[in-house]
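The file final_28.txt contains compact mmCIF, N, CA and C atoms:
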```txt
# COMPACT_ATOMS: atom_id res chain seq x y z
N MET A 1 62.14 173.54 85.16
CA MET A 1 61.05 172.64 85.34
C MET A 1 61.04 172.20 86.80
N ILE A 2 59.96 172.45 87.47
CA ILE A 2 59.80 172.03 88.86
C ILE A 2 58.97 170.75 88.86
N TYR A 3 59.47 169.74 89.54
CA TYR A 3 58.76 168.47 89.58
C TYR A 3 57.67 168.54 90.64
N ARG A 4 56.46 168.43 90.20
CA ARG A 4 55.34 168.36 91.14
C ARG A 4 55.02 166.91 91.44
N GLU A 5 55.58 166.02 90.68
CA GLU A 5 55.45 164.58 90.91
C GLU A 5 56.82 163.95 90.71
N ARG A 6 56.92 162.71 91.03
CA ARG A 6 58.20 162.02 90.90
C ARG A 6 58.58 161.87 89.43
N PRO A 7 59.88 161.98 89.14
CA PRO A 7 60.30 161.76 87.75
C PRO A 7 60.11 160.29 87.36
N SER A 8 59.91 160.06 86.08
CA SER A 8 59.69 158.70 85.59
C SER A 8 60.96 157.87 85.71
N LEU A 9 60.80 156.58 85.61
CA LEU A 9 61.94 155.67 85.67
C LEU A 9 62.92 155.94 84.53
N ALA A 10 62.40 156.29 83.37
CA ALA A 10 63.27 156.60 82.23
C ALA A 10 64.11 157.85 82.52
N LYS A 11 63.52 158.85 83.15
CA LYS A 11 64.25 160.09 83.47
C LYS A 11 65.29 159.82 84.55
N VAL A 12 64.98 158.98 85.52
CA VAL A 12 65.95 158.64 86.57
C VAL A 12 67.09 157.83 85.98
N SER A 13 66.78 156.93 85.04
CA SER A 13 67.84 156.18 84.35
C SER A 13 68.73 157.11 83.55
N GLN A 14 68.13 158.10 82.90
CA GLN A 14 68.90 159.08 82.15
C GLN A 14 69.78 159.90 83.09
N ALA A 15 69.28 160.22 84.28
CA ALA A 15 70.07 160.95 85.27
C ALA A 15 71.25 160.12 85.74
N GLY A 16 71.05 158.82 85.93
CA GLY A 16 72.15 157.94 86.32
C GLY A 16 73.23 157.86 85.25
N ALA A 17 72.80 157.74 84.01
CA ALA A 17 73.77 157.69 82.91
C ALA A 17 74.51 159.02 82.77
N ALA A 18 73.79 160.12 82.90
CA ALA A 18 74.44 161.44 82.82
C ALA A 18 75.39 161.64 83.99
N GLY A 19 75.01 161.14 85.16
CA GLY A 19 75.88 161.24 86.32
C GLY A 19 77.18 160.47 86.14
N CYS A 20 77.09 159.28 85.56
CA CYS A 20 78.31 158.50 85.29
C CYS A 20 79.20 159.21 84.27
N LEU A 21 78.59 159.76 83.23
CA LEU A 21 79.35 160.50 82.22
C LEU A 21 80.03 161.72 82.83
N LEU A 22 79.30 162.47 83.64
CA LEU A 22 79.86 163.66 84.26
C LEU A 22 80.94 163.32 85.27
N PHE A 23 80.75 162.23 86.02
CA PHE A 23 81.77 161.80 86.97
C PHE A 23 83.08 161.51 86.26
N ALA A 24 82.99 160.79 85.15
CA ALA A 24 84.20 160.46 84.40
C ALA A 24 84.82 161.70 83.75
N ALA A 25 83.99 162.57 83.20
CA ALA A 25 84.52 163.76 82.52
C ALA A 25 85.12 164.75 83.52
N GLN A 26 84.50 164.90 84.67
CA GLN A 26 85.01 165.83 85.68
C GLN A 26 86.21 165.28 86.42
N ALA A 27 86.46 163.99 86.32
CA ALA A 27 87.61 163.39 87.01
C ALA A 27 88.92 163.70 86.30
N VAL A 28 88.85 164.15 85.06
CA VAL A 28 90.06 164.48 84.31
C VAL A 28 90.49 165.89 84.70
N ASN A 29 91.60 165.98 85.40
CA ASN A 29 92.14 167.27 85.83
C ASN A 29 93.28 167.70 84.92
N VAL A 30 93.29 168.96 84.55
CA VAL A 30 94.33 169.53 83.70
C VAL A 30 95.15 170.51 84.55
N PRO A 31 96.44 170.25 84.74
CA PRO A 31 97.23 171.17 85.55
C PRO A 31 97.39 172.53 84.85
N ILE A 32 97.17 173.61 85.63
CA ILE A 32 97.28 174.95 85.06
C ILE A 32 98.31 175.81 85.77
N GLY A 33 98.92 175.29 86.80
CA GLY A 33 99.92 176.05 87.53
C GLY A 33 100.43 175.24 88.69
N ALA A 34 101.16 175.92 89.56
CA ALA A 34 101.72 175.26 90.73
C ALA A 34 100.59 174.81 91.67
N SER A 35 100.41 173.53 91.80
CA SER A 35 99.44 172.87 92.68
C SER A 35 98.00 173.31 92.43
N THR A 36 97.67 173.70 91.22
CA THR A 36 96.28 174.00 90.85
C THR A 36 95.94 173.26 89.57
N SER A 37 94.67 172.97 89.41
CA SER A 37 94.22 172.27 88.21
C SER A 37 92.81 172.74 87.86
N ALA A 38 92.44 172.49 86.63
CA ALA A 38 91.11 172.82 86.13
C ALA A 38 90.44 171.54 85.64
N HIS A 39 89.12 171.54 85.65
CA HIS A 39 88.39 170.39 85.11
C HIS A 39 87.04 170.85 84.59
N LEU A 40 86.41 170.00 83.83
CA LEU A 40 85.11 170.28 83.25
C LEU A 40 84.07 170.43 84.36
N VAL A 41 83.17 171.38 84.20
CA VAL A 41 82.01 171.51 85.09
C VAL A 41 80.79 171.17 84.24
N GLY A 42 80.12 170.09 84.57
CA GLY A 42 79.04 169.60 83.72
C GLY A 42 77.65 170.05 84.09
N GLY A 43 77.53 171.13 84.83
CA GLY A 43 76.22 171.59 85.29
C GLY A 43 75.28 172.00 84.16
N VAL A 44 75.80 172.70 83.19
CA VAL A 44 74.96 173.16 82.09
C VAL A 44 74.52 171.98 81.23
N LEU A 45 75.43 171.06 80.98
CA LEU A 45 75.08 169.87 80.21
C LEU A 45 74.01 169.05 80.92
N ALA A 46 74.16 168.87 82.23
CA ALA A 46 73.18 168.11 82.99
C ALA A 46 71.82 168.82 83.01
N ALA A 47 71.82 170.13 83.18
CA ALA A 47 70.56 170.88 83.18
C ALA A 47 69.88 170.81 81.82
N TRP A 48 70.67 170.82 80.76
CA TRP A 48 70.10 170.72 79.42
C TRP A 48 69.48 169.33 79.19
N LEU A 49 70.16 168.30 79.68
CA LEU A 49 69.67 166.93 79.47
C LEU A 49 68.50 166.57 80.39
N LEU A 50 68.58 167.01 81.65
CA LEU A 50 67.67 166.51 82.67
C LEU A 50 66.66 167.52 83.19
N GLY A 51 66.91 168.78 82.98
CA GLY A 51 66.12 169.82 83.62
C GLY A 51 66.86 170.26 84.88
N PRO A 52 66.61 171.48 85.33
CA PRO A 52 67.41 172.02 86.44
C PRO A 52 67.26 171.29 87.77
N ALA A 53 66.06 170.84 88.09
CA ALA A 53 65.85 170.20 89.40
C ALA A 53 66.59 168.86 89.50
N LEU A 54 66.39 168.00 88.53
CA LEU A 54 67.05 166.70 88.54
C LEU A 54 68.55 166.83 88.32
N ALA A 55 68.96 167.82 87.55
CA ALA A 55 70.39 168.07 87.34
C ALA A 55 71.08 168.48 88.63
N ALA A 56 70.41 169.28 89.45
CA ALA A 56 71.00 169.69 90.73
C ALA A 56 71.22 168.49 91.64
N TRP A 57 70.26 167.59 91.69
CA TRP A 57 70.43 166.37 92.51
C TRP A 57 71.52 165.47 91.94
N THR A 58 71.56 165.34 90.63
CA THR A 58 72.59 164.50 90.00
C THR A 58 73.98 165.06 90.25
N LEU A 59 74.16 166.37 90.08
CA LEU A 59 75.47 166.97 90.33
C LEU A 59 75.85 166.91 91.80
N ALA A 60 74.88 167.00 92.68
CA ALA A 60 75.18 166.87 94.11
C ALA A 60 75.73 165.47 94.41
N ALA A 61 75.14 164.46 93.79
CA ALA A 61 75.63 163.09 93.98
C ALA A 61 77.02 162.92 93.38
N VAL A 62 77.23 163.47 92.18
CA VAL A 62 78.53 163.37 91.52
C VAL A 62 79.61 164.07 92.35
N LEU A 63 79.33 165.28 92.81
CA LEU A 63 80.32 166.02 93.59
C LEU A 63 80.62 165.35 94.92
N THR A 64 79.61 164.76 95.54
CA THR A 64 79.83 164.05 96.80
C THR A 64 80.72 162.84 96.58
N LEU A 65 80.46 162.08 95.53
CA LEU A 65 81.31 160.92 95.23
C LEU A 65 82.73 161.35 94.88
N GLN A 66 82.88 162.45 94.15
CA GLN A 66 84.22 162.94 93.82
C GLN A 66 84.96 163.37 95.07
N ALA A 67 84.27 164.01 95.99
CA ALA A 67 84.93 164.47 97.22
C ALA A 67 85.36 163.29 98.07
N ILE A 68 84.52 162.26 98.16
CA ILE A 68 84.83 161.11 99.02
C ILE A 68 85.84 160.17 98.37
N LEU A 69 85.62 159.83 97.10
CA LEU A 69 86.46 158.83 96.45
C LEU A 69 87.76 159.39 95.89
N LEU A 70 87.70 160.58 95.28
CA LEU A 70 88.86 161.12 94.59
C LEU A 70 89.55 162.25 95.35
N GLY A 71 88.89 162.80 96.35
CA GLY A 71 89.48 163.91 97.10
C GLY A 71 89.44 165.22 96.34
N ASP A 72 88.64 165.31 95.27
CA ASP A 72 88.54 166.56 94.50
C ASP A 72 87.73 167.57 95.29
N GLY A 73 88.36 168.64 95.69
CA GLY A 73 87.68 169.68 96.44
C GLY A 73 87.63 169.41 97.92
N GLY A 74 87.60 168.17 98.32
CA GLY A 74 87.57 167.81 99.73
C GLY A 74 86.16 167.83 100.29
N VAL A 75 85.97 167.10 101.35
CA VAL A 75 84.66 166.99 101.98
C VAL A 75 84.29 168.29 102.68
N TYR A 76 85.26 168.99 103.23
CA TYR A 76 84.98 170.22 103.96
C TYR A 76 84.52 171.34 103.03
N ALA A 77 84.90 171.31 101.78
CA ALA A 77 84.50 172.33 100.81
C ALA A 77 83.31 171.89 99.96
N LEU A 78 82.68 170.79 100.33
CA LEU A 78 81.60 170.24 99.50
C LEU A 78 80.43 171.22 99.39
N GLY A 79 80.06 171.85 100.46
CA GLY A 79 78.95 172.81 100.41
C GLY A 79 79.23 173.96 99.48
N ALA A 80 80.43 174.51 99.54
CA ALA A 80 80.81 175.61 98.65
C ALA A 80 80.85 175.14 97.19
N ASN A 81 81.34 173.93 96.96
CA ASN A 81 81.38 173.40 95.59
C ASN A 81 79.97 173.19 95.05
N LEU A 82 79.06 172.73 95.90
CA LEU A 82 77.68 172.54 95.44
C LEU A 82 77.04 173.87 95.06
N LEU A 83 77.30 174.91 95.84
CA LEU A 83 76.74 176.22 95.51
C LEU A 83 77.37 176.81 94.26
N ASN A 84 78.66 176.59 94.08
CA ASN A 84 79.35 177.15 92.92
C ASN A 84 78.99 176.46 91.62
N MET A 85 78.78 175.17 91.67
CA MET A 85 78.55 174.43 90.44
C MET A 85 77.08 174.22 90.19
```

Please go through the file and, once you have read it, give me the structure as structure tokens.
Amino acid sequence: MIYRERPSLAKVSQAGAAGCLLFAAQAVNVPIGASTSAHLVGGVLAAWLLGPALAAWTLAAVLTLQAILLGDGGVYALGANLLNM
């Protein structure tokens, strides 16, 4: 779905709630080996709930906050993480 107009306030509120849920779910890291870990990638869930355009913006905000606040992936790898997820 391509937005030709601004999303409604209800859709933006839903994006904020989904972003908070994804931030919390993706913050849980599961160790899988020496100095490596895995975590949930919520891109498909966000796209299903919000549509692909708004989900991309929501995940970009979530990944940026994770890189800055939690150090997940790091700020220098943020662009690669955005493309991958």

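Among the candidates A:Val41, A:Ala24, A:Val30, A:Leu54, the one nearest to Lys11 in chain A when counting only C-alpha atoms is A:Leu54.
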
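The strand (DSSP E or B) portion of chain A consists of Val30, Pro31, Ile32, Gly33, Thr36, Ser37 and Ala38 of chain A, with states taken from DSSP on the backbone.
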
So which residues touch range 60-68 of chain A within 9 Å, counting only C-alpha atoms, skipping near sequence neighbours fewer than 4 positions away, as a ChimeraX atom specification?
/A:19-20,22-23,26-27,55-56,72-78,81-82

Have a look at A:Gly71, A:Met85, A:Val28, A:Ser8 and name the one nearest to Gly42 in chain A; count only C-alpha atoms.
A:Met85

If the box runs along x, y and z of the file and leaves 8 Å on each side of range 24-39 of chain A, what are its centre and edge lengths in Å, one decimal, as AutoDock Vina command-line options?
```
--center_x 92.4 --center_y 168.3 --center_z 87.6 --size_x 34.7 --size_y 31.6 --size_z 26.2
```

When DSSP is applied to the backbone of this structure, which of chain A are assigned alpha helix (DSSP H)? Write them out as a VMD selection string.
chain A and resid 9 to 26 43 to 50 52 to 65 78 to 84

What does the structure give for the distance between atom C of Gly33 in chain A and atom C of Leu21 in chain A, in Å to one decimal?
25.2 Å

Coordinates-based distance that separates CA of Trp57 in chain A from CA of Val44 in chain A (Å, one decimal):
13.2 Å
